[in-house]
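Participant: To be precise about what I am sending: the file is called model31.cif and holds mmCIF, C-alpha atoms.
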data_work
loop_
_atom_site.label_atom_id
_atom_site.label_comp_id
_atom_site.auth_asym_id
_atom_site.auth_seq_id
_atom_site.Cartn_x
_atom_site.Cartn_y
_atom_site.Cartn_z
CA MET A 1 149.17 -47.01 224.66
CA ASP A 2 151.98 -45.89 222.38
CA TRP A 3 151.62 -43.00 219.91
CA ALA A 4 151.12 -45.29 216.89
CA THR A 5 148.17 -47.07 218.53
CA VAL A 6 146.56 -43.77 219.52
CA ALA A 7 147.11 -42.37 216.00
CA PHE A 8 145.65 -45.50 214.35
CA TRP A 9 142.39 -45.48 216.34
CA LEU A 10 142.07 -41.71 216.07
CA LEU A 11 142.50 -41.88 212.29
CA LEU A 12 139.95 -44.69 212.09
CA TYR A 13 137.22 -43.13 214.25
CA ALA A 14 137.85 -39.42 213.60
CA GLY A 15 139.74 -39.31 210.29
CA ILE A 16 137.45 -41.54 208.21
CA PRO A 17 134.15 -39.75 209.15
CA GLY A 18 135.92 -36.41 208.67
CA VAL A 19 137.10 -37.12 205.12
CA MET A 20 133.76 -38.74 204.24
CA ALA A 21 132.03 -35.50 205.28
CA MET A 22 134.53 -33.50 203.21
CA HIS A 23 133.44 -35.43 200.10
CA LEU A 24 129.86 -34.27 200.74
CA HIS A 25 130.73 -30.57 200.35
CA ARG A 26 129.64 -28.67 197.24
CA LYS A 27 132.04 -29.13 194.34
CA GLU A 28 133.17 -25.50 194.12
CA THR A 29 134.32 -25.31 197.77
CA LYS A 30 137.96 -25.48 198.85
CA THR A 31 137.13 -28.27 201.31
CA TYR A 32 135.85 -30.49 198.49
CA LYS A 33 139.04 -29.85 196.51
CA VAL A 34 141.26 -31.08 199.35
CA ALA A 35 138.97 -34.02 200.20
CA THR A 36 140.68 -36.58 197.94
CA PRO A 37 144.27 -35.73 199.04
CA MET A 38 143.10 -35.79 202.67
CA THR A 39 141.47 -39.20 202.14
CA ILE A 40 144.73 -40.55 200.69
CA LEU A 41 146.64 -39.10 203.68
CA VAL A 42 144.22 -40.63 206.20
CA LEU A 43 144.31 -44.05 204.51
CA ALA A 44 148.11 -43.89 204.26
CA GLY A 45 148.23 -42.91 207.94
CA ILE A 46 146.04 -45.87 208.90
CA ALA A 47 148.20 -48.26 206.87
CA GLY A 48 151.45 -46.74 208.18
CA THR A 49 150.48 -46.80 211.85
CA ALA A 50 149.09 -50.35 211.52
CA ASN A 51 152.43 -51.36 209.99
CA ILE A 52 154.36 -49.74 212.86
CA ILE A 53 152.22 -51.50 215.49
CA GLY A 54 152.46 -54.87 213.69
CA ALA A 55 151.09 -58.09 215.18
CA ASP A 56 149.76 -57.70 218.72
CA SER A 57 148.90 -60.69 220.88
CA ASN A 58 146.25 -58.64 222.73
CA GLY A 59 144.52 -57.63 219.51
CA GLY A 60 145.66 -54.74 217.35
CA PRO A 61 144.88 -53.29 213.92
CA VAL A 62 146.21 -56.32 212.02
CA GLU A 63 144.10 -58.78 214.04
CA THR A 64 141.05 -56.50 213.69
CA ALA A 65 141.43 -56.33 209.92
CA GLU A 66 141.97 -60.11 209.72
CA ALA A 67 138.80 -60.85 211.73
CA LEU A 68 136.77 -58.34 209.72
CA VAL A 69 137.90 -59.87 206.41
CA HIS A 70 136.96 -63.35 207.67
CA LEU A 71 133.57 -62.05 208.80
CA SER A 72 132.83 -60.13 205.62
CA ILE A 73 133.37 -63.17 203.30
CA PRO A 74 130.13 -64.98 204.28
CA THR A 75 128.21 -61.77 205.00
CA LEU A 76 128.95 -60.20 201.60
CA THR A 77 128.21 -63.52 199.87
CA TYR A 78 124.85 -63.61 201.67
CA ILE A 79 124.03 -60.00 200.76
CA ILE A 80 124.97 -60.54 197.08
CA GLY A 81 122.88 -63.71 197.07
CA SER A 82 119.87 -61.96 198.57
CA CYS A 83 120.21 -59.10 196.05
CA LEU A 84 120.08 -61.66 193.22
CA ALA A 85 117.10 -63.30 194.91
CA ILE A 86 115.36 -59.91 195.13
CA PHE A 87 115.94 -58.81 191.54
CA GLY A 88 115.66 -62.10 189.64
CA GLY A 89 112.48 -62.57 187.58
CA PRO A 90 110.09 -59.82 186.39
CA SER A 91 111.20 -56.36 187.48
CA PRO A 92 110.20 -52.74 186.79
CA VAL A 93 113.10 -52.44 184.33
CA GLY A 94 112.22 -55.58 182.37
CA PRO A 95 112.60 -59.34 182.75
CA ILE A 96 115.77 -60.49 184.51
CA PRO A 97 116.65 -64.20 184.12
CA LYS A 98 114.92 -66.25 186.82
CA ASN A 99 118.11 -68.31 187.19
CA TRP A 100 119.52 -65.31 189.01
CA ARG A 101 117.00 -65.88 191.78
CA ARG A 102 118.01 -69.54 191.98
CA GLY A 103 121.71 -68.54 191.94
CA GLY A 104 121.04 -66.05 194.73
CA THR A 105 119.39 -68.72 196.88
CA ILE A 106 122.40 -71.01 196.32
CA LEU A 107 124.80 -68.21 197.36
CA MET A 108 122.71 -67.55 200.50
CA THR A 109 122.81 -71.28 201.40
CA ILE A 110 126.60 -71.44 200.82
CA SER A 111 127.20 -68.45 203.09
CA ILE A 112 124.99 -69.93 205.85
CA GLY A 113 127.10 -73.11 205.59
CA TRP A 114 130.26 -70.97 205.77
CA ILE A 115 129.01 -69.22 208.95
CA ILE A 116 128.17 -72.62 210.53
CA ALA A 117 131.67 -73.90 209.68
CA LEU A 118 133.24 -70.66 210.97
CA SER A 119 131.48 -71.08 214.32
CA LEU A 120 131.82 -74.84 214.82
CA LYS A 121 134.86 -76.06 212.84
CA PRO A 122 136.87 -73.01 211.71
CA GLU A 123 140.05 -75.07 211.36
CA GLU A 124 138.38 -77.18 208.63
CA LEU A 125 137.96 -74.17 206.34
CA PRO A 126 140.44 -73.63 203.47
CA ILE A 127 141.64 -70.32 205.01
CA GLN A 128 143.63 -69.88 208.20
CA VAL A 129 141.58 -69.18 211.35
CA ALA A 130 141.63 -65.51 212.39
CA ALA A 131 143.17 -64.74 215.78
CA LEU A 132 139.96 -63.06 217.00
CA ASN A 133 137.59 -65.47 215.23
CA ASN A 134 135.64 -66.33 218.39
CA VAL A 135 134.91 -62.67 219.11
CA ALA A 136 133.87 -62.02 215.52
CA ILE A 137 131.61 -65.03 215.07
CA SER A 138 129.94 -64.72 218.47
CA SER A 139 129.07 -61.07 217.81
CA LEU A 140 127.73 -61.95 214.34
CA LEU A 141 125.52 -64.70 215.80
CA ILE A 142 124.31 -62.48 218.65
CA GLY A 143 123.48 -59.71 216.17
CA THR A 144 121.58 -62.16 213.94
CA SER A 145 119.69 -63.78 216.81
CA ILE A 146 118.54 -60.57 218.52
CA VAL A 147 117.80 -58.61 215.32
CA GLY A 148 116.10 -61.74 213.91
CA ALA A 149 113.80 -62.00 216.93
CA ILE A 150 112.99 -58.28 216.80
CA GLY A 151 112.50 -58.55 213.01
CA THR A 152 109.98 -61.36 213.49
CA THR A 153 108.01 -59.21 215.92
CA VAL A 154 108.09 -56.27 213.50
CA VAL A 155 107.03 -58.41 210.51
CA ILE A 156 104.14 -59.92 212.47
CA SER A 157 103.05 -56.55 213.91
CA ILE A 158 102.87 -55.03 210.40
CA GLY A 159 99.99 -57.45 209.88
CA GLU A 160 100.18 -58.03 206.15
CA LYS A 161 100.36 -61.81 206.63
CA ARG A 162 103.99 -62.03 205.52
CA TRP A 163 104.34 -65.37 207.27
CA LEU A 164 107.19 -66.54 205.07
CA ALA A 165 109.34 -63.54 206.08
CA ALA A 166 108.44 -64.09 209.75
CA ILE A 167 109.35 -67.80 209.51
CA ALA A 168 112.70 -66.92 207.83
CA THR A 169 113.68 -64.35 210.48
CA ILE A 170 112.69 -66.57 213.42
CA SER A 171 114.60 -69.47 211.79
CA LEU A 172 117.71 -67.28 211.49
CA SER A 173 117.32 -66.31 215.14
CA ILE A 174 116.83 -69.91 216.35
CA VAL A 175 119.73 -71.27 214.23
CA SER A 176 122.03 -68.53 215.57
CA ILE A 177 121.04 -69.28 219.18
CA ALA A 178 121.59 -73.00 218.54
CA LEU A 179 125.06 -72.31 217.09
CA LEU A 180 125.89 -70.15 220.11
CA ALA A 181 124.72 -72.94 222.44
CA ILE A 182 126.80 -75.59 220.60
CA SER A 183 129.95 -73.45 220.58
CA SER A 184 129.44 -72.18 224.16
CA SER A 185 131.50 -74.96 225.72
CA GLU A 186 134.65 -73.44 224.20
CA ASN A 187 133.94 -69.72 223.99
CA PHE A 188 131.28 -68.79 226.55
CA GLU A 189 133.42 -65.84 227.71
CA GLU A 190 133.43 -64.29 224.23
CA ILE A 191 129.66 -64.86 223.95
CA GLY A 192 129.08 -63.13 227.30
CA ASP A 193 131.39 -60.24 226.33
CA SER A 194 129.62 -59.81 222.97
CA LEU A 195 126.22 -59.79 224.68
CA LYS A 196 127.42 -57.12 227.12
CA SER A 197 128.71 -55.11 224.17
CA PHE A 198 125.39 -55.47 222.33
CA ILE A 199 123.34 -54.22 225.29
CA GLY A 200 125.92 -51.50 226.04
CA THR A 201 126.00 -50.37 222.42
CA ILE A 202 122.22 -50.03 222.21
CA LEU A 203 122.18 -48.06 225.47
CA GLY A 204 125.12 -45.95 224.27
CA ILE A 205 123.50 -45.15 220.92
CA ILE A 206 120.23 -44.09 222.57
CA ILE A 207 121.93 -41.89 225.21
CA ALA A 208 124.49 -40.38 222.79
CA LEU A 209 121.85 -39.44 220.20
CA TRP A 210 119.54 -38.05 222.92
CA VAL A 211 122.34 -35.89 224.37
CA SER A 212 123.50 -34.75 220.88
CA PHE A 213 119.96 -33.84 219.83
CA HIS A 214 119.28 -31.82 222.98
CA THR A 215 122.68 -30.10 222.80
CA THR A 216 121.93 -29.10 219.21
CA VAL A 217 118.49 -27.77 220.19
CA LEU A 218 119.96 -25.79 223.10
CA ILE A 219 122.68 -24.23 220.94
CA GLU A 220 120.52 -23.57 217.88
CA ARG A 221 117.63 -22.09 219.90
CA ASN A 222 119.64 -19.02 220.87
CA ALA A 223 121.63 -18.74 217.66
CA LYS A 224 121.13 -15.88 215.23
CA LEU A 225 119.79 -16.91 211.86
CA PRO A 226 122.38 -16.46 209.07
CA LYS A 227 121.67 -13.42 206.87
CA THR A 228 121.38 -14.87 203.41
CA THR A 229 119.18 -12.38 201.49
CA SER A 230 117.86 -8.86 202.00
CA PRO A 231 114.07 -8.35 202.14
CA SER A 232 112.40 -7.95 198.75
CA THR A 233 111.88 -4.35 197.52
CA LYS A 234 108.74 -2.65 196.15
CA GLU A 235 110.29 -2.70 192.69
CA GLU A 236 110.70 -6.51 192.87
CA HIS A 237 107.08 -6.82 194.05
CA MET A 238 105.96 -4.87 190.97
CA ILE A 239 108.02 -7.10 188.63
CA VAL A 240 106.52 -10.28 190.12
CA LYS A 241 102.99 -8.81 189.93
CA ARG A 242 103.53 -7.86 186.26
CA HIS A 243 104.72 -11.41 185.45
CA LEU A 244 101.75 -12.96 187.27
CA ASP A 245 99.32 -10.65 185.46
CA ALA A 246 100.87 -11.44 182.10
CA ASN A 247 101.13 -15.21 182.53
CA ILE A 248 98.21 -16.17 184.76
CA VAL A 249 95.60 -13.40 184.56
CA GLY A 250 96.29 -12.88 180.85
CA GLU A 251 96.71 -9.07 180.78
CA ASN A 252 98.85 -7.47 178.13
CA ASN A 253 101.57 -5.31 179.67
CA GLU A 254 103.11 -4.11 176.47
CA MET B 255 98.66 -54.09 216.54
CA ASN B 256 98.93 -50.51 217.87
CA ARG B 257 102.19 -48.65 218.40
CA SER B 258 102.60 -49.20 222.15
CA ASN B 259 101.82 -52.91 221.80
CA SER B 260 104.41 -53.24 218.99
CA LEU B 261 107.07 -51.52 221.10
CA LEU B 262 106.20 -53.75 224.05
CA SER B 263 106.47 -56.92 221.91
CA ILE B 264 109.83 -55.74 220.49
CA PHE B 265 111.08 -55.12 224.04
CA ILE B 266 109.81 -58.52 225.25
CA SER B 267 111.43 -60.38 222.32
CA PHE B 268 114.72 -58.52 222.98
CA ILE B 269 114.64 -59.42 226.69
CA LEU B 270 113.73 -63.04 225.91
CA VAL B 271 116.62 -63.58 223.48
CA THR B 272 119.01 -61.72 225.81
CA VAL B 273 118.04 -64.00 228.73
CA ILE B 274 118.53 -67.12 226.57
CA ILE B 275 121.97 -65.98 225.38
CA GLY B 276 122.88 -64.90 228.92
CA TRP B 277 122.02 -68.41 230.08
CA ILE B 278 124.18 -69.86 227.25
CA ALA B 279 127.03 -67.54 228.33
CA LYS B 280 126.69 -68.91 231.89
CA TRP B 281 125.79 -65.59 233.53
CA SER B 282 124.81 -65.88 237.17
CA ILE B 283 123.03 -63.61 239.67
CA GLU B 284 126.23 -63.28 241.74
CA GLU B 285 128.00 -61.64 238.80
CA THR B 286 125.30 -58.98 238.29
CA GLN B 287 127.42 -56.09 239.55
CA GLU B 288 130.32 -57.05 237.29
CA ILE B 289 128.00 -57.49 234.27
CA VAL B 290 126.28 -54.12 234.82
CA LYS B 291 129.69 -52.42 235.17
CA ASP B 292 130.87 -53.98 231.90
CA ILE B 293 127.65 -52.96 230.12
CA LEU B 294 128.10 -49.38 231.39
CA LEU B 295 131.70 -49.36 230.18
CA LYS B 296 130.65 -50.56 226.71
CA SER B 297 127.85 -47.99 226.54
CA VAL B 298 130.26 -45.17 227.45
CA MET B 299 132.65 -46.42 224.75
CA SER B 300 129.80 -46.38 222.22
CA MET B 301 128.80 -42.86 223.28
CA THR B 302 132.39 -41.65 222.93
CA ALA B 303 132.65 -43.13 219.43
CA ILE B 304 129.29 -41.67 218.34
CA TRP B 305 130.09 -38.17 219.64
CA LEU B 306 133.53 -38.28 218.00
CA ILE B 307 132.04 -39.44 214.67
CA LEU B 308 129.29 -36.78 214.83
CA ALA B 309 131.82 -34.04 215.67
CA THR B 310 134.28 -34.93 212.93
CA SER B 311 131.61 -35.49 210.30
CA SER B 312 130.02 -32.08 210.82
CA THR B 313 132.69 -30.18 208.86
CA SER B 314 130.18 -29.46 206.07
CA ILE B 315 128.11 -27.14 208.33
CA LEU B 316 130.96 -25.27 210.03
CA HIS B 317 130.71 -22.27 207.66
CA ARG B 318 127.08 -21.62 208.65
CA GLY B 319 127.77 -19.36 211.62
CA ASN B 320 128.78 -19.75 215.24
CA ALA B 321 126.18 -22.34 216.29
CA PRO B 322 127.59 -25.29 214.27
CA ILE B 323 131.13 -24.48 215.48
CA LEU B 324 129.93 -24.41 219.10
CA GLN B 325 128.03 -27.63 218.49
CA THR B 326 131.11 -29.41 217.06
CA ILE B 327 133.31 -28.20 219.93
CA THR B 328 130.68 -29.42 222.45
CA LEU B 329 130.55 -32.84 220.82
CA LEU B 330 134.37 -33.04 220.84
CA PHE B 331 134.41 -32.16 224.55
CA LEU B 332 131.68 -34.75 225.20
CA SER B 333 133.75 -37.42 223.45
CA ILE B 334 136.88 -36.47 225.41
CA GLY B 335 134.76 -36.64 228.59
CA GLY B 336 133.49 -40.06 227.50
CA LEU B 337 137.06 -41.26 227.01
CA GLY B 338 137.89 -40.03 230.51
CA LEU B 339 134.88 -41.90 231.92
CA VAL B 340 136.04 -45.08 230.14
CA GLU B 341 139.46 -44.66 231.74
CA ILE B 342 137.91 -44.17 235.20
CA LEU B 343 135.45 -47.09 234.86
CA SER B 344 137.97 -49.58 233.47
CA GLY B 345 140.99 -48.34 235.43
CA GLY B 346 142.99 -47.65 232.27
CA LEU B 347 141.93 -48.75 228.81
CA PRO B 348 143.32 -52.29 228.38
CA ARG B 349 145.22 -53.06 225.16
CA GLY B 350 143.05 -54.85 222.66
CA ASN B 351 139.80 -53.44 224.04
CA LEU B 352 139.33 -51.14 221.05
CA ALA B 353 140.08 -53.98 218.61
CA THR B 354 137.54 -56.25 220.31
CA ILE B 355 134.76 -53.67 220.36
CA THR B 356 135.42 -52.66 216.72
CA ILE B 357 135.04 -56.30 215.64
CA GLN B 358 131.92 -56.66 217.79
CA TRP B 359 130.30 -53.55 216.26
CA ALA B 360 131.08 -54.84 212.78
CA GLY B 361 129.67 -58.27 213.74
CA PHE B 362 126.42 -56.76 215.03
CA ALA B 363 126.07 -54.65 211.88
CA MET B 364 126.68 -57.66 209.64
CA GLY B 365 124.23 -59.82 211.63
CA ALA B 366 121.59 -57.11 211.30
CA ALA B 367 122.33 -56.84 207.55
CA ILE B 368 121.81 -60.60 207.12
CA VAL B 369 118.35 -60.38 208.74
CA LEU B 370 117.40 -57.22 206.82
CA PHE B 371 118.39 -58.65 203.43
CA THR B 372 116.56 -61.92 204.18
CA VAL B 373 113.34 -60.00 204.85
CA LEU B 374 113.87 -57.92 201.69
CA ALA B 375 114.57 -61.01 199.56
CA ILE B 376 111.41 -62.75 200.76
CA ALA B 377 109.11 -59.72 200.89
CA THR B 378 110.00 -58.39 197.45
CA GLY B 379 111.08 -61.48 195.50
CA ARG B 380 108.16 -63.71 196.47
CA GLU B 381 105.42 -62.32 194.27
CA GLU B 382 105.19 -63.90 190.83
CA GLU B 383 104.30 -61.23 188.34
CA GLU B 384 103.12 -61.95 184.83
CA ASP B 385 104.66 -60.34 181.77
CA PRO B 386 101.77 -58.27 180.28
CA LEU B 387 102.96 -58.89 176.69
CA LEU B 388 102.96 -62.68 177.14
CA ALA B 389 99.58 -62.54 178.89
CA MET B 390 98.05 -60.96 175.74
CA ASP B 391 98.45 -64.27 173.82
CA LYS B 392 96.24 -66.15 176.26
#
Turn the structure described in the file into structure tokens.
Facilitator:
Amino acid sequence: MDWATVAFWLLLYAGIPGVMAMHLHRKETKTYKVATPMTILVLAGIAGTANIIGADSNGGPVETAEALVHLSIPTLTYIIGSCLAIFGGPSPVGPIPKNWRRGGTILMTISIGWIIALSLKPEELPIQVAALNNVAISSLLIGTSIVGAIGTTVVISIGEKRWLAAIATISLSIVSIALLAISSSENFEEIGDSLKSFIGTILGIIIALWVSFHTTVLIERNAKLPKTTSPSTKEEHMIVKRHLDANIVGENNE
Amino acid sequence: MNRSNSLLSIFISFILVTVIIGWIAKWSIEETQEIVKDILLKSVMSMTAIWLILATSSTSILHRGNAPILQTITLLFLSIGGLGLVEILSGGLPRGNLATITIQWAGFAMGAAIVLFTVLAIATGREEEEDPLLAMDK
């Protein structure tokens, strides 16, 4: 890997979480004051290194961004649609037009149609097919099918008779599996690779969090507690007692 | 359903869907070693990314004594170790591997978001409530 590629991925996976954490500091700290300039630097670095690398036939930053944009069009449409479907009608903040709910359902249907077209006939869509479209769509469908199946189990195990939610999640799962089966004749390798990544990612998340948690416990167990305040004095005890007597017991201290 | 039964049903549904998709992807018993090696490689890549993200996002606790600094350095070393393991397992990180796995992670997250928002839309938007002021006229 050349320096630009290393810098790009390092800025993406180390720079972005770093500057996001800097924005969470208290406002009076020096770190918070440099957070915005640092964010601009990191974003400029990402853009600059991606520009230096340029198009890469093996898959580089440009192809990644292209595939992510193509994937986020139907997903964001679906999420916006479901938000409208959630909040349309009577709500705690007052009545919201019920047409919103209908509009939300239409948006959700359109995005499902878009995902079907993206997986079966991407060349028919009005936008150019992304270079890594097969990888993107197979991972989206695998995510939907597995999380949908798990979601159905969770909804049923809650036991509040939310059958409609269970039917919707199992339908999403079955439709995704069907789409994977139909498109498998052309991209079975990408489907297999995405499935390996899904299993590997779940394993990786569990092991990484387990190791991090135990490392933290091991380090923190022997650490000295930071000295923040000195123990309260007798004089302070007397002041508190006087206040309690005056305000709760009702004695006059004058 | 009690907790252990719920976990068991979640595990069974996961295995069931995985087997179906594995069959669609034309996995065979002969390829098991190769598949397990690939899964291990992907899990080490995920671990490396998680440790790196945890280490770099813990800047807000660094001023709270030696323990957070030690913790961040440990996580950084773990992520470097993870990267080394990836190199050993894959025999050199192939070009495009990071792009592919980034897209796959985003795809999984988006797929999960679709399911989550569907459940939310149905569970919260289904109940028809009556406006109390309009109900007073009846």
Participant: Once you count all atoms listed in the file, which residues end up no further than 12 Å from (130.5, -25.2, 220.9) in the file's frame, shown as a PyMOL selection string?
Facilitator: (chain A and resi 212+215-216+218-220+223) or (chain B and resi 309+316+319-332)
Participant: Which residues come within 6 Å of Gly361 of chain B, counting only C-alpha atoms, excluding same-chain residues fewer than 3 positions away, as a ChimeraX atom specification?
Facilitator: /A:136,139-140 /B:358,364
Participant: Which residues, written as a list in words, have at least one atom at most 6 Å from segment 167-174 of chain A, with only C-alpha atoms counted and residues fewer than 6 positions away on the same chain left out?
Facilitator: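 Returned residues: Ser145, Gly148, Ala149 and Thr152 of chain A.
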Participant: Applied to this file, what does the PyMOL selection byres ((chain A) within 7 of (chain B)) return in terms of residues, put as number ranges by chain?
Facilitator: A: 13-14, 17-18, 21-22, 25, 58-61, 64, 68, 75, 78-79, 82-83, 85-87, 90, 135-136, 139-141, 143-144, 146-150, 153, 157, 165, 169, 181, 184, 188-189, 191-192, 194, 196-197, 199-201, 203-205, 208, 216, 219-220, 223, 226
Participant: I'd like the residues picked by the PyMOL selection byres ((chain A and resi 6-9) around 9) written out as a PyMOL selection string, using the chain letters and numbers from the file.
Facilitator: (chain A and resi 1-5+10-14+45-50+53+61) or (chain B and resi 352)
Participant: Please determine, counting only C-alpha atoms, which residue among A:Met238, A:Leu120, A:Gln128, A:Pro97 has the shortest atom-to-atom distance to Glu66 of chain A.
Facilitator: A:Gln128
Participant: What gap, in Å, lies between atom CA of Thr31 of chain A and atom CA of Lys224 of chain A?
Facilitator: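 Result for atom CA of Thr31 of chain A versus atom CA of Lys224 of chain A: 24.6 Å, one decimal.
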Participant: Expressed in Å to a single decimal, how great is the separation between atom CA of Gly15 of chain A and atom CA of Val69 of chain A?
Facilitator: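 It comes out at 21.0 Å.
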Participant: Would you kindly return, as a CSV table (one decimal) with C-alpha atoms, in the coordinates of the input, each protein, DNA or RNA residue with an atom no farther than 9 Å from any atom of Ile137 of chain A, considering all atoms listed in the file and excluding same-chain residues fewer than 5 positions away?
Facilitator:
chain,number,residue,atom,x,y,z
A,67,ALA,CA,138.8,-60.8,211.7
A,71,LEU,CA,133.6,-62.0,208.8
A,115,ILE,CA,129.0,-69.2,209.0
A,118,LEU,CA,133.2,-70.7,211.0
A,119,SER,CA,131.5,-71.1,214.3
A,132,LEU,CA,140.0,-63.1,217.0
A,142,ILE,CA,124.3,-62.5,218.6
B,358,GLN,CA,131.9,-56.7,217.8
B,361,GLY,CA,129.7,-58.3,213.7
Participant: Atom CA of Thr36 of chain A to atom CA of Ile73 of chain A: how many Å, to one decimal?
Facilitator: 28.1 Å
Participant: Let me make sure I understand: among A:Val155, A:Ile112, A:Ile40, A:Ala131, which one has the smallest atom-to-atom distance to Val62 of chain A if we use all atoms listed in the file?
Facilitator: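 Distance minimum relative to Val62 of chain A lands on A:Ala131.
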